[in-house]
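One file, model-v5.pdb, carrying PDB, C-alpha atoms:
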ATOM      1  CA  MET L  15     244.214  -2.325  93.528
ATOM      2  CA  GLY L  16     241.444  -4.483  92.193
ATOM      3  CA  PHE L  17     239.066  -1.599  92.833
ATOM      4  CA  PHE L  18     239.160  -0.334  89.266
ATOM      5  CA  ARG L  19     237.083  -1.490  86.294
ATOM      6  CA  HIS L  20     237.504   0.562  83.138
ATOM      7  CA  LYS L  21     236.057  -1.349  80.204
ATOM      8  CA  GLY L  22     233.875   1.470  78.976
ATOM      9  CA  ALA L  23     231.759   4.426  79.947
ATOM     10  CA  GLN L  24     228.525   2.486  80.521
ATOM     11  CA  LEU L  25     226.583   3.277  83.685
ATOM     12  CA  GLN L  26     227.476  -0.046  85.338
ATOM     13  CA  GLU L  27     231.189   0.466  84.734
ATOM     14  CA  ILE L  28     231.045   4.019  86.068
ATOM     15  CA  CYS L  29     229.332   2.730  89.215
ATOM     16  CA  TYR L  30     232.034   0.084  89.708
ATOM     17  CA  SER L  31     234.729   2.741  89.320
ATOM     18  CA  LEU L  32     233.014   5.190  91.665
ATOM     19  CA  VAL L  33     232.645   2.572  94.399
ATOM     20  CA  GLY L  34     236.255   1.442  93.952
ATOM     21  CA  CYS L  35     237.567   4.983  94.048
ATOM     22  CA  ARG L  36     235.581   5.841  97.172
ATOM     23  CA  LEU L  37     237.079   2.799  98.901
ATOM     24  CA  LEU L  38     240.547   3.850  97.796
ATOM     25  CA  VAL L  39     240.023   7.339  99.229
ATOM     26  CA  ARG L  40     238.980   5.808 102.565
ATOM     27  CA  PHE L  41     242.094   3.626 102.478
ATOM     28  CA  LEU L  42     244.521   6.434 101.620
ATOM     29  CA  ASP L  43     243.055   9.333 103.610
ATOM     30  CA  ARG L  44     244.476   8.642 107.067
ATOM     31  CA  GLY L  45     244.335  12.335 107.984
ATOM     32  CA  ARG L  46     240.594  12.526 107.223
ATOM     33  CA  ASN L  47     241.121  15.438 104.837
ATOM     34  CA  ASN L  48     238.567  14.380 102.257
ATOM     35  CA  THR L  49     235.928  16.707 103.704
ATOM     36  CA  TYR L  50     238.033  19.645 102.522
ATOM     37  CA  LEU L  51     239.273  18.033  99.296
ATOM     38  CA  ASN L  52     236.124  16.846  97.565
ATOM     39  CA  THR L  53     236.322  19.348  94.696
ATOM     40  CA  PRO L  54     239.234  21.220  93.092
ATOM     41  CA  VAL L  55     240.267  24.499  94.750
ATOM     42  CA  LEU L  56     243.355  26.685  94.591
ATOM     43  CA  PHE L  57     245.913  26.722  97.408
ATOM     44  CA  TYR L  58     247.915  29.925  97.842
ATOM     45  CA  GLU L  59     250.917  30.589 100.083
ATOM     46  CA  PHE L  60     248.667  32.376 102.565
ATOM     47  CA  SER L  61     245.878  29.762 102.473
ATOM     48  CA  GLN L  62     244.756  28.630 105.934
ATOM     49  CA  ALA L  63     243.205  25.193 105.518
ATOM     50  CA  PRO L  64     242.376  22.667 108.277
ATOM     51  CA  ILE L  65     244.303  19.998 106.394
ATOM     52  CA  LYS L  66     246.658  17.515 108.043
ATOM     53  CA  ILE L  67     249.927  16.746 106.266
ATOM     54  CA  GLY L  68     251.225  13.263 106.939
ATOM     55  CA  LYS L  69     254.734  12.315 107.996
ATOM     56  CA  CYS L  70     256.506  10.433 105.268
ATOM     57  CA  ASN L  71     258.184   7.236 106.469
ATOM     58  CA  ASN L  72     260.006   4.403 104.753
ATOM     59  CA  SER L  73     256.955   2.150 104.533
ATOM     60  CA  ASP L  74     254.984   4.924 102.810
ATOM     61  CA  LYS L  75     257.795   5.475 100.314
ATOM     62  CA  LEU L  76     257.948   1.744  99.689
ATOM     63  CA  PHE L  77     254.194   1.705  99.030
ATOM     64  CA  ILE L  78     254.551   4.495  96.458
ATOM     65  CA  ARG L  79     257.512   2.811  94.776
ATOM     66  CA  GLN L  80     255.675  -0.501  94.593
ATOM     67  CA  TYR L  81     252.272   0.732  93.440
ATOM     68  CA  ARG L  82     252.815   4.063  91.698
ATOM     69  CA  GLU L  83     252.716   2.574  88.194
ATOM     70  CA  LEU L  84     249.516   0.674  88.936
ATOM     71  CA  ILE L  85     247.911   3.738  90.528
ATOM     72  CA  HIS L  86     249.015   5.885  87.600
ATOM     73  CA  THR L  87     247.678   3.455  84.994
ATOM     74  CA  SER L  88     244.370   2.924  86.793
ATOM     75  CA  LEU L  89     243.684   6.620  87.322
ATOM     76  CA  MET L  90     244.608   7.473  83.744
ATOM     77  CA  LYS L  91     242.160   4.842  82.501
ATOM     78  CA  GLY L  92     239.543   6.562  84.621
ATOM     79  CA  VAL L  93     240.393   9.855  82.943
ATOM     80  CA  GLN L  94     240.086   8.197  79.557
ATOM     81  CA  TYR L  95     236.744   6.493  80.127
ATOM     82  CA  HIS L  96     234.954   8.694  82.666
ATOM     83  CA  ASN L  97     236.054  12.254  81.871
ATOM     84  CA  THR L  98     232.447  13.291  81.192
ATOM     85  CA  ASN L  99     231.329  12.396  84.724
ATOM     86  CA  ILE L 100     231.848  15.293  87.135
ATOM     87  CA  VAL L 101     231.367  13.056  90.193
ATOM     88  CA  TYR L 102     234.172  10.792  89.032
ATOM     89  CA  MET L 103     236.429  13.796  88.386
ATOM     90  CA  LYS L 104     235.906  14.966  91.964
ATOM     91  CA  ILE L 105     236.737  11.535  93.408
ATOM     92  CA  LEU L 106     239.800  11.297  91.180
ATOM     93  CA  TYR L 107     240.893  14.644  92.589
ATOM     94  CA  SER L 108     240.391  13.368  96.156
ATOM     95  CA  ILE L 109     242.557  10.305  95.478
ATOM     96  CA  ILE L 110     245.438  12.323  94.050
ATOM     97  CA  CYS L 111     245.267  14.861  96.882
ATOM     98  CA  ALA L 112     245.281  12.083  99.491
ATOM     99  CA  ILE L 113     248.478  10.642  97.994
ATOM    100  CA  VAL L 114     250.170  14.064  97.965
ATOM    101  CA  LEU L 115     249.206  14.725 101.597
ATOM    102  CA  GLU L 116     249.807  11.307 103.107
ATOM    103  CA  VAL L 117     253.231  10.711 101.533
ATOM    104  CA  PRO L 118     254.723  14.237 101.339
ATOM    105  CA  CYS L 119     258.098  13.501  99.756
ATOM    106  CA  GLY L 120     259.920  14.253  96.527
ATOM    107  CA  LEU L 121     259.089  10.859  95.055
ATOM    108  CA  THR L 122     255.352  11.433  95.442
ATOM    109  CA  ALA L 123     255.535  15.022  94.191
ATOM    110  CA  ALA L 124     257.446  13.960  91.074
ATOM    111  CA  ALA L 125     255.168  10.995  90.362
ATOM    112  CA  THR L 126     252.074  13.168  90.830
ATOM    113  CA  ALA L 127     253.448  15.917  88.585
ATOM    114  CA  CYS L 128     254.113  13.310  85.902
ATOM    115  CA  MET L 129     250.511  12.123  86.131
ATOM    116  CA  LEU L 130     249.203  15.687  86.030
ATOM    117  CA  MET L 131     251.147  16.424  82.865
ATOM    118  CA  GLU L 132     249.621  13.347  81.253
ATOM    119  CA  ILE L 133     246.144  14.469  82.349
ATOM    120  CA  GLN L 134     246.825  17.890  80.835
ATOM    121  CA  ASP L 135     247.929  16.210  77.607
ATOM    122  CA  LYS L 136     244.679  14.219  77.533
ATOM    123  CA  ALA L 137     242.684  17.419  78.020
ATOM    124  CA  LEU L 138     244.557  19.177  75.232
ATOM    125  CA  ASN L 139     244.753  16.431  72.634
ATOM    126  CA  THR L 140     241.883  13.989  73.132
ATOM    127  CA  GLU L 141     239.309  14.321  70.388
ATOM    128  CA  ASN L 142     235.540  14.226  70.749
ATOM    129  CA  ILE L 143     235.208  15.119  74.430
ATOM    130  CA  PRO L 144     233.012  17.998  75.650
ATOM    131  CA  SER L 145     234.576  21.351  76.426
ATOM    132  CA  SER L 146     233.379  21.047  80.021
ATOM    133  CA  SER L 147     235.405  17.846  80.447
ATOM    134  CA  ARG L 148     238.525  19.628  79.232
ATOM    135  CA  TYR L 149     237.912  22.445  81.695
ATOM    136  CA  TRP L 150     237.479  19.964  84.563
ATOM    137  CA  LEU L 151     240.765  18.256  83.775
ATOM    138  CA  HIS L 152     242.695  21.521  83.533
ATOM    139  CA  ALA L 153     241.160  22.724  86.812
ATOM    140  CA  LEU L 154     242.118  19.450  88.498
ATOM    141  CA  VAL L 155     245.709  19.755  87.291
ATOM    142  CA  VAL L 156     246.261  23.311  88.498
ATOM    143  CA  SER L 157     244.524  22.615  91.803
ATOM    144  CA  VAL L 158     246.750  19.637  92.641
ATOM    145  CA  MET L 159     249.854  21.547  91.521
ATOM    146  CA  SER L 160     248.944  24.361  93.920
ATOM    147  CA  LEU L 161     248.462  21.753  96.671
ATOM    148  CA  ILE L 162     251.952  20.348  96.021
ATOM    149  CA  CYS L 163     253.336  23.892  96.366
ATOM    150  CA  TRP L 164     251.375  24.409  99.590
ATOM    151  CA  VAL L 165     252.494  21.113 101.137
ATOM    152  CA  HIS L 166     256.183  21.482 100.292
ATOM    153  CA  LYS L 167     256.472  25.293 100.617
ATOM    154  CA  ALA L 168     258.179  25.470  97.224
ATOM    155  CA  PRO L 169     258.655  29.164  96.275
ATOM    156  CA  LEU L 170     260.026  28.650  92.746
ATOM    157  CA  LEU L 171     257.279  26.194  91.898
ATOM    158  CA  TYR L 172     254.692  28.505  93.477
ATOM    159  CA  ALA L 173     255.885  31.374  91.270
ATOM    160  CA  TYR L 174     255.401  29.249  88.160
ATOM    161  CA  VAL L 175     252.000  27.867  89.189
ATOM    162  CA  ASN L 176     250.730  31.307  90.220
ATOM    163  CA  LYS L 177     251.813  32.687  86.850
ATOM    164  CA  ILE L 178     249.626  30.106  85.083
ATOM    165  CA  ILE L 179     246.720  30.781  87.457
ATOM    166  CA  SER L 180     246.941  34.549  86.889
ATOM    167  CA  ARG L 181     247.074  34.245  83.110
ATOM    168  CA  ARG L 182     244.042  31.990  83.141
ATOM    169  CA  ALA L 183     242.136  34.322  85.443
ATOM    170  CA  GLN L 184     242.553  37.085  82.880
ATOM    171  CA  GLU L 185     242.228  35.152  79.620
ATOM    172  CA  ALA L 186     240.491  31.815  80.298
ATOM    173  CA  PRO L 187     238.981  31.550  83.814
ATOM    174  CA  GLN L 188     237.143  28.380  82.814
ATOM    175  CA  LEU L 189     240.499  26.544  83.105
ATOM    176  CA  ASN L 190     240.767  27.343  86.825
ATOM    177  CA  PRO L 191     238.652  25.935  89.668
ATOM    178  CA  PRO L 192     235.877  25.662  90.563
ATOM    179  CA  ILE L 193     234.546  23.008  88.246
ATOM    180  CA  MET L 194     230.957  23.459  87.116
ATOM    181  CA  ASN L 195     228.280  21.496  85.309
ATOM    182  CA  TYR L 196     227.798  24.334  82.838
ATOM    183  CA  TYR L 197     230.184  27.060  81.722
ATOM    184  CA  LYS L 198     229.318  30.432  80.295
ATOM    185  CA  VAL L 199     232.431  31.520  78.429
ATOM    186  CA  SER L 200     232.629  35.176  77.402
ATOM    187  CA  ARG L 201     233.579  36.169  73.884
ATOM    188  CA  HIS L 202     236.872  37.713  74.952
ATOM    189  CA  HIS L 203     237.999  34.558  76.781
ATOM    190  CA  VAL L 204     240.492  32.264  75.079
ATOM    191  CA  THR L 205     239.004  28.927  74.018
ATOM    192  CA  TRP L 206     241.890  27.597  71.938
ATOM    193  CA  ASN L 207     245.031  25.906  73.251
ATOM    194  CA  LYS L 208     247.141  28.978  73.871
ATOM    195  CA  PRO L 209     250.509  27.617  75.109
ATOM    196  CA  THR L 210     251.034  30.238  77.834
ATOM    197  CA  LEU L 211     247.898  29.029  79.641
ATOM    198  CA  PHE L 212     249.235  25.532  80.251
ATOM    199  CA  PHE L 213     252.128  23.908  82.096
ATOM    200  CA  GLU L 214     255.399  23.213  80.306
ATOM    201  CA  ASP L 215     256.769  19.827  81.288
ATOM    202  CA  TRP L 216     260.427  20.912  81.472
ATOM    203  CA  GLU L 217     259.682  24.045  83.489
ATOM    204  CA  LEU L 218     257.566  22.103  85.968
ATOM    205  CA  ARG L 219     260.208  19.401  86.358
ATOM    206  CA  TYR L 220     262.947  21.974  86.866
ATOM    207  CA  ALA L 221     261.020  23.851  89.558
ATOM    208  CA  LEU L 222     260.383  20.584  91.417
ATOM    209  CA  TRP L 223     263.974  19.420  91.068
ATOM    210  CA  LYS L 224     265.335  22.793  92.230
ATOM    211  CA  HIS L 225     263.149  22.805  95.332
ATOM    212  CA  PHE L 226     264.116  19.333  96.531
ATOM    213  CA  GLN L 227     267.753  19.845  95.537
ATOM    214  CA  ASP L 228     267.869  23.000  97.659
ATOM    215  CA  ASN L 229     266.247  21.103 100.526
ATOM    216  CA  ARG L 230     268.928  18.406 100.351
ATOM    217  CA  SER L 231     271.658  21.044 100.336
ATOM    218  CA  SER L 232     270.152  22.738 103.394
ATOM    219  CA  GLN L 233     269.893  19.432 105.253
ATOM    220  CA  SER L 234     273.474  18.476 104.413
ATOM    221  CA  GLN L 235     274.667  21.857 105.728
ATOM    222  CA  MET L 236     272.734  21.360 108.954
ATOM    223  CA  ARG L 237     274.249  17.931 109.707
ATOM    224  CA  PRO L 238     277.739  19.222 110.633
ATOM    225  CA  LEU L 239     276.136  21.861 112.867
ATOM    226  CA  ALA L 240     274.027  19.197 114.561
ATOM    227  CA  LYS L 241     277.177  17.184 115.245
ATOM    228  CA  GLN L 242     278.866  20.251 116.751
ATOM    229  CA  LEU L 243     275.901  20.766 119.071
ATOM    230  CA  LYS L 244     275.840  17.128 120.142
ATOM    231  CA  VAL L 245     275.818  16.628 123.908
ATOM    232  CA  PRO L 246     279.338  15.440 124.940
ATOM    233  CA  THR L 247     279.734  12.009 126.477
ATOM    234  CA  LEU L 248     282.222  10.519 128.910
ATOM    235  CA  ASP L 249     283.644   8.208 126.292
ATOM    236  CA  LEU L 250     287.358   9.033 126.599
ATOM    237  CA  ARG L 251     288.263   7.019 123.526
ATOM    238  CA  ASN L 252     287.251   9.946 121.242
TER     239      ASN L 252
END
Kindly return the structure encoded in the file as structure tokens.
Amino acid sequence: MGFFRHKGAQLQEICYSLVGCRLLVRFLDRGRNNTYLNTPVLFYEFSQAPIKIGKCNNSDKLFIRQYRELIHTSLMKGVQYHNTNIVYMKILYSIICAIVLEVPCGLTAAATACMLMEIQDKALNTENIPSSSRYWLHALVVSVMSLICWVHKAPLLYAYVNKIISRRAQEAPQLNPPIMNYYKVSRHHVTWNKPTLFFEDWELRYALWKHFQDNRSSQSQMRPLAKQLKVPTLDLRN
């Protein structure tokens, strides 16, 4: 993870970060999905995307457990120093999407959601950054959240994310993808931090927890059935 250099927003430092992030995308993106994930978009239940979802194994989970804090810290430093660079924002999006797709498990979803909430907090509370940078960050957050829903087929989480998307579409479309170099915001669009347009940490965590808890319950109910359907053997000791 020595790819990242975040000492400031000077051109040289941005170049170092861009090169490092591109290398990280190449390293993480085993399914070669980056072609379709190079800028934030919205994923709906009915979305048909030529995207490959990886199969989560123990080594992948171990990688996330071992490096998630370093990845989190490095990417958040990028948000802090390079939030005015739209190219960097797109690469940051590609990195996060690659992690969600390549290690599709509850651990990754929870860790990613935690990072997204911190990115949202930066967009809401950081002073002296352009409005366009705030819009980019909010668009990135909702895009990745919709991808998590799409990957894990999480109906409760989808309902919550779609509610935020719909409210923004009506009141503040600049907070949804796509991200643009310049925004023309109409007078009737909300430009202040109206709470109903953003994710609540507790509600997001609950929807995630409920989905994976229900999945565990379903799997535990299937195990006895699988044992009943097991092919009988000639072991007479049973």
Report as a tab-separated table the residues of stretch 75-141 of chain L within 7 Å of stretch 147-157 of chain L, each with its shortest atom pair and distance in Å (one decimal), using all atoms listed in the file, ordered by chain and increasing residue number.
residue	atom	partner	partner_atom	distance
L:Asn97	CA	L:Ser147	CA	5.8
L:Thr98	CA	L:Ser147	CA	5.5
L:Tyr107	CA	L:Leu154	CA	6.4
L:Leu130	CA	L:Val155	CA	5.5
L:Ile133	CA	L:Leu151	CA	6.7
L:Gln134	CA	L:His152	CA	6.1
L:Ala137	CA	L:Arg148	CA	4.9
Practice problem: State, in Å with one decimal place, the distance from atom CA of L:Gly68 to atom CA of L:Phe213. | Solution: 27.0 Å
Self-check item: Residues in the PyMOL selection byres ((chain L and resi 114) around 10), expressed as a PyMOL selection string
Solution: chain L and resi 67-68+108-113+115-123+125-126+158-159+161-162+165-166
Self-check item: Ground truth for the PyMOL selection byres ((chain L and resi 188) around 10), written as a PyMOL selection string
Solution: chain L and resi 145-146+148-150+152-153+182-183+185-187+189-194+197-200+203-205
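Of note, atom CA of L:Asn48 and atom CA of L:Thr87 are spaced 22.4 Å apart.
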Practice problem: Could you please determine the separation between atom CA of L:Gly34 and atom CA of L:Ile105 in Å, to one decimal place? | Solution: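 Computing it gives 10.1 Å between the two atoms.
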Practice problem: Give the answer as one residue: which of L:Phe226, L:Tyr30, L:Trp206, L:Tyr174 has the shortest atom-to-atom distance to L:His96, using only C-alpha atoms? | Solution: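 When distances to L:His96 are compared using only C-alpha atoms, the smallest one comes from L:Tyr30.
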Let me have the centre and edge lengths of the axis-aligned box enclosing all listed atoms of stretch 125-129 of chain L with 8 Å padding on every side, in Å to one decimal, as AutoDock Vina command-line options.
--center_x 252.8 --center_y 13.5 --center_z 88.4 --size_x 20.7 --size_y 20.9 --size_z 20.9
Exercise. Decode the PyMOL selection byres ((chain L and resi 168) around 12) for the given file into explicit residues and return them as an MDAnalysis selection string.
Key: chainID L and resid 58:59 120 123 159:167 169:176 218 220:229
Quiz prompt | Top pick for closest residue to L:Leu32, considering L:Lys104, L:Lys208, L:His86, L:Lys75 and counting only C-alpha atoms | solution =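 For L:Leu32, the nearest of the given residues is L:Lys104.
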Quiz item: Which of these, L:Cys35, L:Ile28, L:Val55, L:Cys70, has the shortest distance to L:Ile179 once you count only C-alpha atoms?
Solution: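 Going through L:Cys35, L:Ile28, L:Val55, L:Cys70 one by one, the smallest distance to L:Ile179 is for L:Val55.
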Quiz item: Between L:Thr53, L:Gln62, L:Gln80, L:Asn207, which has the minimum distance to L:Asp135 (counting only C-alpha atoms)?
Solution: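 Using only C-alpha atoms, the shortest distance to L:Asp135 belongs to L:Asn207.
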Quiz prompt | Selected residue of minimal separation from L:Tyr95 among L:Ile143, L:Leu37, L:Ile78, L:Ile178, counting all atoms listed in the file | solution = L:Ile143
Practice problem: Have a look at L:Lys177, L:Asn47, L:Ala63, L:Leu211 and name the one nearest to L:Leu138; count all atoms listed in the file. | Solution: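 Ranked by minimum distance to L:Leu138, first place goes to L:Leu211.
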